[in-house]
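What follows is the content of data21.cif, which has mmCIF, C-alpha atoms:
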```cif
data_upload
#
loop_
_atom_site.label_atom_id
_atom_site.label_comp_id
_atom_site.auth_asym_id
_atom_site.auth_seq_id
_atom_site.Cartn_x
_atom_site.Cartn_y
_atom_site.Cartn_z
CA MET A 1 0.00 0.00 0.00
CA PRO A 2 1.24 3.53 -0.70
CA VAL A 3 2.21 5.87 2.11
CA GLU A 4 -0.68 8.27 2.69
CA PHE A 5 -1.22 11.43 4.73
CA ILE A 6 -3.95 12.11 7.27
CA SER A 7 -5.03 15.42 8.79
CA ALA A 8 -7.94 16.27 11.10
CA VAL A 9 -10.66 18.79 10.38
CA HIS A 10 -11.60 21.45 12.91
CA THR A 11 -15.14 22.75 13.05
CA ASP A 12 -14.24 26.27 14.10
CA SER A 13 -11.18 28.49 14.28
CA GLY A 14 -11.21 28.83 18.04
CA ALA A 15 -11.72 32.57 17.58
CA SER A 16 -13.56 34.72 20.12
CA GLY A 17 -15.27 38.07 20.08
CA PRO A 18 -17.89 39.53 17.71
CA ALA A 19 -16.61 37.68 14.64
CA ALA A 20 -17.27 34.35 16.33
CA ALA A 21 -20.66 35.28 17.81
CA GLY A 22 -23.15 32.48 17.24
CA ARG A 23 -20.43 30.19 15.87
CA THR A 24 -19.14 28.59 19.07
CA GLY A 25 -18.05 25.04 18.27
CA PHE A 26 -19.19 25.05 14.65
CA ASP A 27 -18.51 27.50 11.85
CA PRO A 28 -19.54 26.03 8.48
CA HIS A 29 -17.60 28.67 6.54
CA TYR A 30 -14.38 27.84 8.39
CA LEU A 31 -14.97 24.08 8.09
CA ARG A 32 -15.59 24.38 4.35
CA ARG A 33 -12.36 26.36 3.92
CA TYR A 34 -10.45 23.87 6.04
CA ALA A 35 -11.73 20.80 4.19
CA ARG A 36 -10.98 22.34 0.81
CA ALA A 37 -7.47 23.30 1.93
CA LEU A 38 -6.82 19.64 2.79
CA ASP A 39 -8.35 18.49 -0.50
CA ASP A 40 -6.33 20.97 -2.55
CA GLY A 41 -3.18 20.34 -0.50
CA GLY A 42 -2.98 16.68 -1.39
CA PHE A 43 -3.87 15.05 1.92
CA ASP A 44 -5.39 11.60 1.44
CA HIS A 45 -7.56 11.34 4.56
CA THR A 46 -8.87 13.54 7.33
CA LEU A 47 -10.01 12.47 10.77
CA VAL A 48 -13.43 13.66 11.89
CA ALA A 49 -12.96 13.47 15.64
CA TYR A 50 -15.54 12.51 18.26
CA HIS A 51 -16.17 13.94 21.70
CA SER A 52 -19.32 14.06 23.81
CA ALA A 53 -19.38 17.88 23.60
CA SER A 54 -18.39 18.30 19.95
CA PRO A 55 -20.58 18.86 16.87
CA ASP A 56 -22.07 15.61 15.62
CA ALA A 57 -19.34 13.68 13.82
CA PHE A 58 -21.67 12.00 11.31
CA GLN A 59 -22.93 15.36 10.10
CA VAL A 60 -19.43 16.87 10.04
CA ALA A 61 -18.18 13.93 7.95
CA GLN A 62 -21.06 14.38 5.52
CA PHE A 63 -20.29 18.10 5.29
CA VAL A 64 -16.63 17.33 4.51
CA ALA A 65 -17.57 14.73 1.89
CA THR A 66 -20.01 17.01 0.08
CA HIS A 67 -17.58 19.97 -0.03
CA THR A 68 -14.54 18.05 -1.29
CA GLU A 69 -13.63 15.94 -4.30
CA ARG A 70 -10.99 13.46 -3.19
CA ILE A 71 -10.10 13.52 0.50
CA ARG A 72 -11.40 10.55 2.47
CA PRO A 73 -13.10 11.28 5.82
CA ILE A 74 -12.17 8.97 8.69
CA LEU A 75 -15.21 9.09 10.95
CA ALA A 76 -14.48 8.55 14.65
CA HIS A 77 -17.33 6.64 16.28
CA ARG A 78 -18.14 5.30 19.76
CA PRO A 79 -19.91 1.93 19.77
CA GLY A 80 -21.79 2.73 22.99
CA VAL A 81 -23.75 5.64 21.54
CA VAL A 82 -25.56 4.23 18.49
CA PHE A 83 -26.99 0.71 18.06
CA PRO A 84 -24.90 -1.18 15.47
CA THR A 85 -27.71 -1.90 13.00
CA HIS A 86 -28.53 1.79 12.78
CA ALA A 87 -24.83 2.65 12.56
CA ALA A 88 -24.32 0.15 9.72
CA ARG A 89 -27.11 1.78 7.70
CA ALA A 90 -25.99 5.33 8.50
CA LEU A 91 -22.37 4.56 7.64
CA ALA A 92 -23.34 2.89 4.36
CA THR A 93 -25.46 5.92 3.47
CA LEU A 94 -22.59 8.27 4.23
CA ASP A 95 -20.25 6.08 2.18
CA GLN A 96 -22.65 6.37 -0.75
CA ILE A 97 -22.79 10.17 -0.32
CA SER A 98 -18.98 10.30 -0.36
CA ASP A 99 -18.73 7.96 -3.37
CA GLY A 100 -16.91 5.31 -1.38
CA ARG A 101 -14.42 7.57 0.40
CA LEU A 102 -15.42 6.80 3.99
CA SER A 103 -13.32 5.04 6.63
CA LEU A 104 -14.42 4.32 10.21
CA HIS A 105 -12.33 4.81 13.35
CA ILE A 106 -13.70 2.90 16.34
CA ILE A 107 -13.19 4.60 19.71
CA SER A 108 -13.64 2.19 22.59
CA GLY A 109 -13.02 4.97 25.11
CA GLY A 110 -10.01 5.52 27.35
CA SER A 111 -11.63 7.70 30.02
CA ASP A 112 -14.40 6.45 32.32
CA GLU A 113 -15.31 10.08 33.06
CA GLU A 114 -15.84 10.90 29.41
CA GLN A 115 -17.78 7.70 28.70
CA ARG A 116 -20.17 8.34 31.58
CA ARG A 117 -21.03 11.75 30.16
CA GLU A 118 -23.00 9.80 27.56
CA GLY A 119 -24.33 7.12 29.88
CA ASP A 120 -21.72 4.43 29.22
CA TYR A 121 -20.78 2.63 32.45
CA LEU A 122 -18.92 -0.37 31.05
CA ASN A 123 -15.33 -0.80 32.18
CA LYS A 124 -12.47 -0.53 29.72
CA THR A 125 -12.11 -4.26 29.02
CA GLU A 126 -15.86 -4.53 28.43
CA ARG A 127 -15.76 -1.53 26.09
CA TYR A 128 -13.14 -3.22 23.92
CA GLU A 129 -15.17 -6.46 23.93
CA ARG A 130 -18.18 -4.45 22.80
CA SER A 131 -16.12 -2.82 20.03
CA ASP A 132 -15.07 -6.26 18.78
CA GLU A 133 -18.69 -7.40 18.63
CA TYR A 134 -19.79 -4.09 17.11
CA ILE A 135 -17.33 -4.34 14.20
CA GLN A 136 -18.42 -7.91 13.50
CA ILE A 137 -22.06 -6.79 13.33
CA LEU A 138 -21.27 -3.90 10.99
CA ARG A 139 -19.54 -6.22 8.54
CA LYS A 140 -22.31 -8.81 8.85
CA VAL A 141 -24.96 -6.21 7.95
CA TRP A 142 -22.90 -4.69 5.12
CA THR A 143 -22.34 -8.04 3.42
CA ALA A 144 -25.70 -9.70 4.13
CA GLU A 145 -27.81 -10.75 1.15
CA GLY A 146 -30.87 -11.17 3.36
CA PRO A 147 -32.05 -10.55 6.94
CA VAL A 148 -29.53 -11.28 9.69
CA SER A 149 -29.90 -11.91 13.41
CA HIS A 150 -27.40 -11.65 16.23
CA ASP A 151 -27.37 -12.86 19.84
CA GLY A 152 -24.22 -11.62 21.53
CA LYS A 153 -22.96 -10.40 24.88
CA TYR A 154 -23.71 -6.74 24.20
CA PHE A 155 -26.18 -6.70 21.28
CA THR A 156 -29.18 -8.78 20.26
CA PHE A 157 -31.50 -8.31 17.28
CA GLU A 158 -33.53 -10.37 14.84
CA GLY A 159 -34.17 -10.24 11.11
CA TYR A 160 -32.34 -7.00 10.29
CA TYR A 161 -31.61 -6.01 6.73
CA SER A 162 -30.40 -2.74 5.17
CA ASP A 163 -31.17 -1.74 1.60
CA VAL A 164 -28.12 0.53 1.48
CA LYS A 165 -24.64 -0.98 1.28
CA PRO A 166 -21.15 0.54 1.16
CA VAL A 167 -19.89 1.40 -2.31
CA HIS A 168 -17.06 -1.14 -2.17
CA GLY A 169 -18.92 -3.74 -0.10
CA LEU A 170 -17.11 -2.90 3.14
CA ILE A 171 -15.89 0.27 4.84
CA PRO A 172 -12.29 0.18 6.14
CA VAL A 173 -12.27 -0.01 9.94
CA SER A 174 -9.57 1.51 12.13
CA VAL A 175 -8.90 0.63 15.76
CA GLY A 176 -6.50 2.53 17.99
CA GLY A 177 -4.91 2.36 21.40
CA SER A 178 -1.87 1.20 23.35
CA SER A 179 -3.33 -1.38 25.73
CA GLN A 180 -3.37 -5.14 25.37
CA ASP A 181 -7.13 -4.91 24.78
CA ALA A 182 -6.51 -2.48 21.93
CA TYR A 183 -3.86 -4.72 20.37
CA ARG A 184 -6.24 -7.69 20.58
CA VAL A 185 -9.20 -5.98 18.94
CA GLY A 186 -7.04 -4.16 16.42
CA GLY A 187 -5.16 -7.27 15.41
CA GLN A 188 -8.31 -9.37 15.14
CA GLN A 189 -10.63 -6.81 13.53
CA GLY A 190 -8.79 -3.71 12.29
CA ASP A 191 -7.94 -2.89 8.70
CA ILE A 192 -5.98 0.03 10.18
CA PHE A 193 -4.39 0.43 13.61
CA GLY A 194 -3.77 3.90 15.05
CA LEU A 195 -0.88 4.89 17.32
CA TRP A 196 0.18 8.17 18.88
CA GLY A 197 3.68 9.44 18.16
CA GLU A 198 6.13 7.60 20.40
CA PRO A 199 9.87 7.05 19.83
CA LEU A 200 10.80 4.65 17.05
CA LYS A 201 11.70 1.77 19.38
CA GLU A 202 8.42 1.88 21.28
CA THR A 203 6.42 2.34 18.08
CA ALA A 204 8.06 -0.72 16.51
CA GLU A 205 7.25 -2.74 19.64
CA GLN A 206 3.58 -1.75 19.43
CA ILE A 207 3.42 -2.62 15.73
CA ALA A 208 4.90 -6.04 16.50
CA ALA A 209 2.31 -6.61 19.24
CA VAL A 210 -0.59 -5.84 16.89
CA ASN A 211 0.88 -7.91 14.07
CA ALA A 212 1.35 -10.89 16.37
CA VAL A 213 -2.37 -10.87 17.16
CA ALA A 214 -3.20 -10.59 13.47
CA ASP A 215 -0.89 -13.52 12.69
CA ALA A 216 -2.54 -15.66 15.37
CA ALA A 217 -5.97 -14.79 13.93
CA GLY A 218 -4.84 -15.59 10.39
CA ARG A 219 -5.52 -12.03 9.24
CA PRO A 220 -3.44 -9.58 7.18
CA HIS A 221 -1.47 -7.07 9.23
CA PRO A 222 -3.41 -3.81 9.70
CA ARG A 223 -2.03 -0.70 8.09
CA ILE A 224 -0.32 1.41 10.76
CA TRP A 225 -1.44 4.99 11.36
CA VAL A 226 0.87 7.13 13.51
CA SER A 227 0.04 10.69 14.64
CA PHE A 228 2.22 13.74 15.27
CA ARG A 229 1.90 17.52 15.71
CA PRO A 230 4.79 18.84 13.59
CA ILE A 231 6.19 22.32 14.25
CA ILE A 232 8.10 23.57 11.23
CA ALA A 233 10.02 26.68 10.18
CA PRO A 234 12.64 27.40 7.48
CA THR A 235 15.49 26.22 9.72
CA ASP A 236 15.77 23.89 12.70
CA GLU A 237 16.75 26.82 14.93
CA LEU A 238 13.68 28.84 13.95
CA ALA A 239 11.49 25.78 14.38
CA TRP A 240 12.64 25.32 17.97
CA GLU A 241 11.98 28.99 18.71
CA LYS A 242 8.48 28.51 17.32
CA ALA A 243 8.09 25.31 19.34
CA HIS A 244 8.78 27.06 22.62
CA ARG A 245 6.34 29.85 21.74
CA THR A 246 3.75 27.17 20.99
CA LEU A 247 4.48 25.49 24.31
CA GLY A 248 3.79 28.76 26.13
CA VAL A 249 0.39 28.97 24.45
CA LEU A 250 -0.41 25.37 25.37
CA LYS A 251 0.49 25.96 29.01
CA ASN A 252 -1.75 29.01 29.13
CA GLN A 253 -4.60 27.01 27.59
CA ALA A 254 -4.10 24.27 30.15
CA LYS A 255 -4.64 26.84 32.91
CA ASN A 256 -7.85 28.08 31.25
CA THR A 257 -10.41 25.74 32.81
CA GLU A 258 -13.25 27.33 30.85
CA LEU A 259 -11.54 26.62 27.53
CA LEU A 260 -10.92 22.99 28.48
CA ARG A 261 -14.10 22.39 30.48
CA HIS A 262 -15.40 19.63 28.17
CA TYR A 263 -12.07 17.85 27.82
CA ARG A 264 -10.78 18.00 31.37
CA THR A 265 -10.38 14.81 33.37
CA THR A 266 -8.95 14.65 36.86
CA GLY A 267 -5.48 13.39 37.80
CA ARG A 268 -3.31 11.08 35.74
CA PRO A 269 -5.00 10.01 32.49
CA ALA A 270 -6.78 6.66 32.65
CA ASN A 271 -5.92 5.53 29.12
CA VAL A 272 -2.70 3.65 28.49
CA GLY A 273 -1.75 5.74 25.45
CA SER A 274 -1.64 8.97 27.47
CA GLN A 275 0.19 7.27 30.32
CA ARG A 276 2.82 6.01 27.89
CA LEU A 277 3.36 9.50 26.44
CA LEU A 278 3.87 10.97 29.91
CA ASP A 279 6.23 8.16 30.92
CA ILE A 280 8.23 8.64 27.73
CA ALA A 281 8.42 12.38 28.41
CA GLU A 282 9.99 11.67 31.80
CA ARG A 283 12.85 9.92 30.00
CA GLY A 284 13.67 12.88 27.80
CA GLU A 285 12.17 15.96 26.19
CA VAL A 286 13.69 15.30 22.75
CA GLN A 287 14.07 11.77 21.39
CA ASP A 288 15.23 10.19 18.13
CA ARG A 289 15.68 12.68 15.32
CA CYS A 290 13.32 15.44 16.53
CA LEU A 291 10.42 13.95 18.57
CA TRP A 292 9.42 16.51 21.22
CA THR A 293 7.47 15.32 24.25
CA ALA A 294 6.95 18.64 26.08
CA PRO A 295 3.51 19.30 24.49
CA ALA A 296 2.27 15.99 25.89
CA VAL A 297 3.26 17.13 29.38
CA ALA A 298 1.63 20.55 28.92
CA THR A 299 -1.67 19.01 27.80
CA ASN A 300 -1.60 16.04 30.19
CA ALA A 301 -1.33 13.91 27.02
CA ALA A 302 -4.86 14.76 25.97
CA GLY A 303 -4.82 12.94 22.64
CA ALA A 304 -2.08 12.88 20.04
CA SER A 305 0.21 15.56 21.41
CA THR A 306 3.87 14.83 20.66
CA ALA A 307 5.57 17.03 18.06
CA LEU A 308 8.21 16.67 15.38
CA VAL A 309 10.25 19.89 15.41
CA GLY A 310 12.52 21.19 12.69
CA SER A 311 12.84 22.41 9.15
CA PRO A 312 10.63 20.72 6.54
CA GLU A 313 13.64 18.60 5.58
CA THR A 314 14.21 17.45 9.17
CA VAL A 315 10.54 16.65 9.76
CA ALA A 316 10.27 14.83 6.43
CA LYS A 317 13.26 12.67 7.36
CA ALA A 318 11.68 11.92 10.75
CA LEU A 319 8.44 10.84 9.07
CA LEU A 320 10.41 8.60 6.75
CA ASP A 321 12.02 6.99 9.80
CA TYR A 322 8.51 5.85 10.79
CA VAL A 323 7.78 4.65 7.28
CA ASP A 324 10.91 2.51 7.54
CA ILE A 325 9.54 0.66 10.60
CA GLY A 326 6.15 -0.05 9.02
CA CYS A 327 3.96 3.06 9.30
CA ASP A 328 2.22 3.84 6.03
CA LEU A 329 -0.44 6.27 7.25
CA LEU A 330 1.16 9.49 8.53
CA SER A 331 -1.10 11.78 10.51
CA ILE A 332 0.21 15.34 10.73
CA ARG A 333 -1.91 18.09 12.26
CA GLY A 334 -0.70 21.17 13.99
CA TYR A 335 -1.41 23.29 17.01
CA ASP A 336 -2.32 26.10 14.57
CA PRO A 337 -4.54 23.73 12.60
CA LEU A 338 -5.45 25.42 9.30
CA ASN A 339 -2.22 27.37 8.79
CA ASP A 340 -0.15 24.34 9.73
CA ALA A 341 -2.08 22.09 7.33
CA ILE A 342 -1.38 24.54 4.50
CA ASP A 343 2.32 24.66 5.43
CA TYR A 344 2.61 20.86 5.66
CA ALA A 345 1.00 20.50 2.22
CA ARG A 346 3.46 22.97 0.72
CA HIS A 347 6.66 22.04 2.47
CA VAL A 348 6.58 18.59 4.11
CA VAL A 349 4.27 16.28 2.16
CA PRO A 350 6.06 16.86 -1.18
CA LEU A 351 9.46 16.06 0.35
CA VAL A 352 8.25 12.74 1.76
CA ARG A 353 6.57 11.79 -1.50
CA GLN A 354 9.62 12.76 -3.54
CA GLU A 355 11.90 10.58 -1.43
CA LEU A 356 9.48 7.65 -1.62
CA ALA A 357 9.25 8.04 -5.39
CA HIS A 358 13.07 8.14 -5.58
CA ARG A 359 13.28 4.96 -3.52
CA ALA A 360 10.72 3.23 -5.72
CA ALA A 361 12.56 4.24 -8.91
CA ALA A 362 15.90 3.06 -7.48
CA SER A 363 14.35 -0.25 -6.43
CA GLN A 364 12.90 -0.78 -9.90
CA ALA A 365 16.21 0.04 -11.53
CA ALA A 366 17.98 -2.43 -9.28
#
```
As a first step, turn the structure in this file into structure tokens.
Amino acid sequence: MPVEFISAVHTDSGASGPAAAGRTGFDPHYLRRYARALDDGGFDHTLVAYHSASPDAFQVAQFVATHTERIRPILAHRPGVVFPTHAARALATLDQISDGRLSLHIISGGSDEEQRREGDYLNKTERYERSDEYIQILRKVWTAEGPVSHDGKYFTFEGYYSDVKPVHGLIPVSVGGSSQDAYRVGGQQGDIFGLWGEPLKETAEQIAAVNAVADAAGRPHPRIWVSFRPIIAPTDELAWEKAHRTLGVLKNQAKNTELLRHYRTTGRPANVGSQRLLDIAERGEVQDRCLWTAPAVATNAAGASTALVGSPETVAKALLDYVDIGCDLLSIRGYDPLNDAIDYARHVVPLVRQELAHRAAASQAA
């Protein structure tokens, strides 16, 4: 499979004051501009994130699909919120609207606090079990030629059939996480497996863990999706100056409890991925070529938060380091989301693709 680039859409600019009046959380004009910038910039996919307080992800994904020509939305979805038969039909409909561009990212949920905001009181292991069952049901409904029934641990139904099917028969399913439960479900069910940006050694170990599960299940290895927040400037020195300015902004945001009211959880993060980022940060602020862990500390590792810092050439080389260990889906989204996406498309993505093309040509010649 070719190496592809992922971004993440934002539904508003984060602006305040009169210009943002009435647009808190969702500004369709900004979202349209953002989606088109990704489409025009050559990104292959864009994550449509999910949170209990955010604009509805299904509708955001449809908006992105209808205002772009080629970029593929990756819809984040929580199995505990929508019954799987309804989700299968809704996802197939959205896939038809997007002309087969949709992918699905299953979020089992790393925070009990956040899950309970939407009435989900299962523990983490149970949530991953439910995700496993949920994915199986989706695929059963998508491929069924007649009514299907299911009697499982978390879901039961009889005689369900959907008239609408995905364009290509199935929708690619992504699973993410850094726990043993995540590796198990991802290896057994995922077409894609998502990781946050850790050092190369730890990333390779996680890939091996997922692939071992896939091997035991007799399945192909999932494609590996790894996420970073690059900070770039014309030179490495200028990039590090920019990085420390960015860190100051992040620290100020972390102190602003009103800004983070929906995303705040208490104490050390409950999910293994965030714990790993914080533990890695304790071992060093800069690792490998240019992996910077300070943003993870400033945000309490709230999501993908590690950065790659340097000139476009340095960051491109760092991304290629991850390609070399088996990552073929590179997620790059910045702390200044729209401007960073435009800069990545101009200065980083072409360098990575040029080097990969050079490698392919050299391999063919050999």
Got a sec: who's within 12 Å of Val352 in chain A, counting only C-alpha atoms, leaving out chain neighbours fewer than 6 positions off, as a PyMOL selection string?
chain A and resi 2-5+312-323+328+330+344-346+358-359
Find the residues near Ser274 in chain A: any atom within 9 Å, counting only C-alpha atoms, skip ones fewer than 3 places away on the same chain, and give them as a PyMOL selection string.
chain A and resi 178+196+268-271+277-279+296+300-304
Exercise: range 39-45 of chain A partners within 9 Å, only C-alpha atoms, chain neighbours under 2 positions left out, as a PyMOL selection string
chain A and resi 4-8+34-37+47+68-74+101+103+331+341-342+344-346+349
Nearest-residue call for Phe228 in chain A, choices A:Val167, A:Cys327, A:Leu31, A:Ala307, using all atoms listed in the file:
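So, comparing all the options, the nearest one is A:Ala307.
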Looking at only C-alpha atoms, which of A:Ala243, A:Ile171, A:Ala76, A:Ala204 is the one that sits closest to Leu102 in chain A?
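Residue with the minimum atom-to-atom distance to Leu102 in chain A: A:Ile171.
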A:Ser149, A:Gln189, A:Asn211, A:Ser311: which is nearest Glu129 in chain A, counting all atoms listed in the file?
A:Gln189
What's the separation between CA of Gln59 in chain A and CA of His10 in chain A, in Å to one decimal place?
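Between CA of Gln59 in chain A and CA of His10 in chain A the gap is 13.2 Å.
Minimum distance to Asp340 in chain A across A:Ile231, A:Leu356, A:Ile207, A:Ala365 (counting only C-alpha atoms) occurs at A:Ile231.
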Which of these, A:Val309, A:Leu291, A:Ile232, A:Leu122, has the shortest distance to Val348 in chain A once you count only C-alpha atoms?
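Under the stated criterion, the closest residue is A:Ile232.
Every residue within 6 Å of the file position (-31.4, -0.1, 8.2), judged by only C-alpha atoms, is given as A:His86, A:Arg89, A:Ser162.
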Sel. within 12 Å of pt (-30.0, -13.2, 6.5), counting only C-alpha atoms, output as an MDAnalysis selection string
chainID A and resid 140:150 157:162
Written selection (C-alpha atoms) as a CSV table (one decimal), keeping the file's coordinate frame:
```
chain,number,residue,atom,x,y,z
A,140,LYS,CA,-22.3,-8.8,8.8
A,141,VAL,CA,-25.0,-6.2,8.0
A,142,TRP,CA,-22.9,-4.7,5.1
A,143,THR,CA,-22.3,-8.0,3.4
A,144,ALA,CA,-25.7,-9.7,4.1
A,145,GLU,CA,-27.8,-10.8,1.2
A,146,GLY,CA,-30.9,-11.2,3.4
A,147,PRO,CA,-32.0,-10.6,6.9
A,148,VAL,CA,-29.5,-11.3,9.7
A,149,SER,CA,-29.9,-11.9,13.4
A,150,HIS,CA,-27.4,-11.6,16.2
A,157,PHE,CA,-31.5,-8.3,17.3
A,158,GLU,CA,-33.5,-10.4,14.8
A,159,GLY,CA,-34.2,-10.2,11.1
A,160,TYR,CA,-32.3,-7.0,10.3
A,161,TYR,CA,-31.6,-6.0,6.7
A,162,SER,CA,-30.4,-2.7,5.2
```
Check what the PyMOL selection byres ((chain A and resi 29) around 12) selects in the file above and give those residues as a VMD selection string.
chain A and resid 10 to 13 20 23 26 to 28 30 to 36 63 to 64 67
If I take CA of Glu205 in chain A and CA of Asp288 in chain A, how far is one from the other in Å, to one decimal?
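Interatomic distance here is 15.3 Å.
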Pick the closest to Phe155 in chain A from A:Tyr128, A:Phe193, A:Tyr121, A:Phe83: which is it, counting only C-alpha atoms?
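With only C-alpha atoms as the atom set, the closest residue is A:Phe83.
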Determine the residue membership of the PyMOL selection byres ((chain A and resi 112) around 10) for the file above and supply it as a list in words.
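That expression, the PyMOL selection byres ((chain A and resi 112) around 10), corresponds here to Gly109, Gly110, Ser111, Glu113, Glu114, Gln115, Arg116, Arg117, Asp120, Tyr121, Leu122, Asn123, Lys124, Thr265, Ala270 and Asn271 of chain A.
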Any chance you could work out the residue set of the PyMOL selection byres ((chain A and resi 175) around 12) here, as an mmCIF file with C-alpha atoms, in the frame of the given file?
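So selection.cif came out as:
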```
data_model
loop_
_atom_site.group_PDB
_atom_site.id
_atom_site.type_symbol
_atom_site.label_atom_id
_atom_site.label_comp_id
_atom_site.auth_asym_id
_atom_site.auth_seq_id
_atom_site.Cartn_x
_atom_site.Cartn_y
_atom_site.Cartn_z
ATOM 1 C CA ILE A 74 -12.170 8.970 8.690
ATOM 2 C CA LEU A 75 -15.210 9.090 10.950
ATOM 3 C CA ALA A 76 -14.480 8.550 14.650
ATOM 4 C CA HIS A 77 -17.330 6.640 16.280
ATOM 5 C CA ARG A 78 -18.140 5.300 19.760
ATOM 6 C CA PRO A 79 -19.910 1.930 19.770
ATOM 7 C CA SER A 103 -13.320 5.040 6.630
ATOM 8 C CA LEU A 104 -14.420 4.320 10.210
ATOM 9 C CA HIS A 105 -12.330 4.810 13.350
ATOM 10 C CA ILE A 106 -13.700 2.900 16.340
ATOM 11 C CA ILE A 107 -13.190 4.600 19.710
ATOM 12 C CA SER A 108 -13.640 2.190 22.590
ATOM 13 C CA GLY A 109 -13.020 4.970 25.110
ATOM 14 C CA TYR A 128 -13.140 -3.220 23.920
ATOM 15 C CA SER A 131 -16.120 -2.820 20.030
ATOM 16 C CA ASP A 132 -15.070 -6.260 18.780
ATOM 17 C CA TYR A 134 -19.790 -4.090 17.110
ATOM 18 C CA ILE A 135 -17.330 -4.340 14.200
ATOM 19 C CA PRO A 172 -12.290 0.180 6.140
ATOM 20 C CA VAL A 173 -12.270 -0.010 9.940
ATOM 21 C CA SER A 174 -9.570 1.510 12.130
ATOM 22 C CA GLY A 176 -6.500 2.530 17.990
ATOM 23 C CA GLY A 177 -4.910 2.360 21.400
ATOM 24 C CA SER A 178 -1.870 1.200 23.350
ATOM 25 C CA SER A 179 -3.330 -1.380 25.730
ATOM 26 C CA ASP A 181 -7.130 -4.910 24.780
ATOM 27 C CA ALA A 182 -6.510 -2.480 21.930
ATOM 28 C CA TYR A 183 -3.860 -4.720 20.370
ATOM 29 C CA ARG A 184 -6.240 -7.690 20.580
ATOM 30 C CA VAL A 185 -9.200 -5.980 18.940
ATOM 31 C CA GLY A 186 -7.040 -4.160 16.420
ATOM 32 C CA GLY A 187 -5.160 -7.270 15.410
ATOM 33 C CA GLN A 188 -8.310 -9.370 15.140
ATOM 34 C CA GLN A 189 -10.630 -6.810 13.530
ATOM 35 C CA GLY A 190 -8.790 -3.710 12.290
ATOM 36 C CA ASP A 191 -7.940 -2.890 8.700
ATOM 37 C CA ILE A 192 -5.980 0.030 10.180
ATOM 38 C CA PHE A 193 -4.390 0.430 13.610
ATOM 39 C CA GLY A 194 -3.770 3.900 15.050
ATOM 40 C CA LEU A 195 -0.880 4.890 17.320
ATOM 41 C CA VAL A 210 -0.590 -5.840 16.890
ATOM 42 C CA PRO A 222 -3.410 -3.810 9.700
ATOM 43 C CA ARG A 223 -2.030 -0.700 8.090
ATOM 44 C CA ILE A 224 -0.320 1.410 10.760
ATOM 45 C CA TRP A 225 -1.440 4.990 11.360
ATOM 46 C CA VAL A 226 0.870 7.130 13.510
#
```
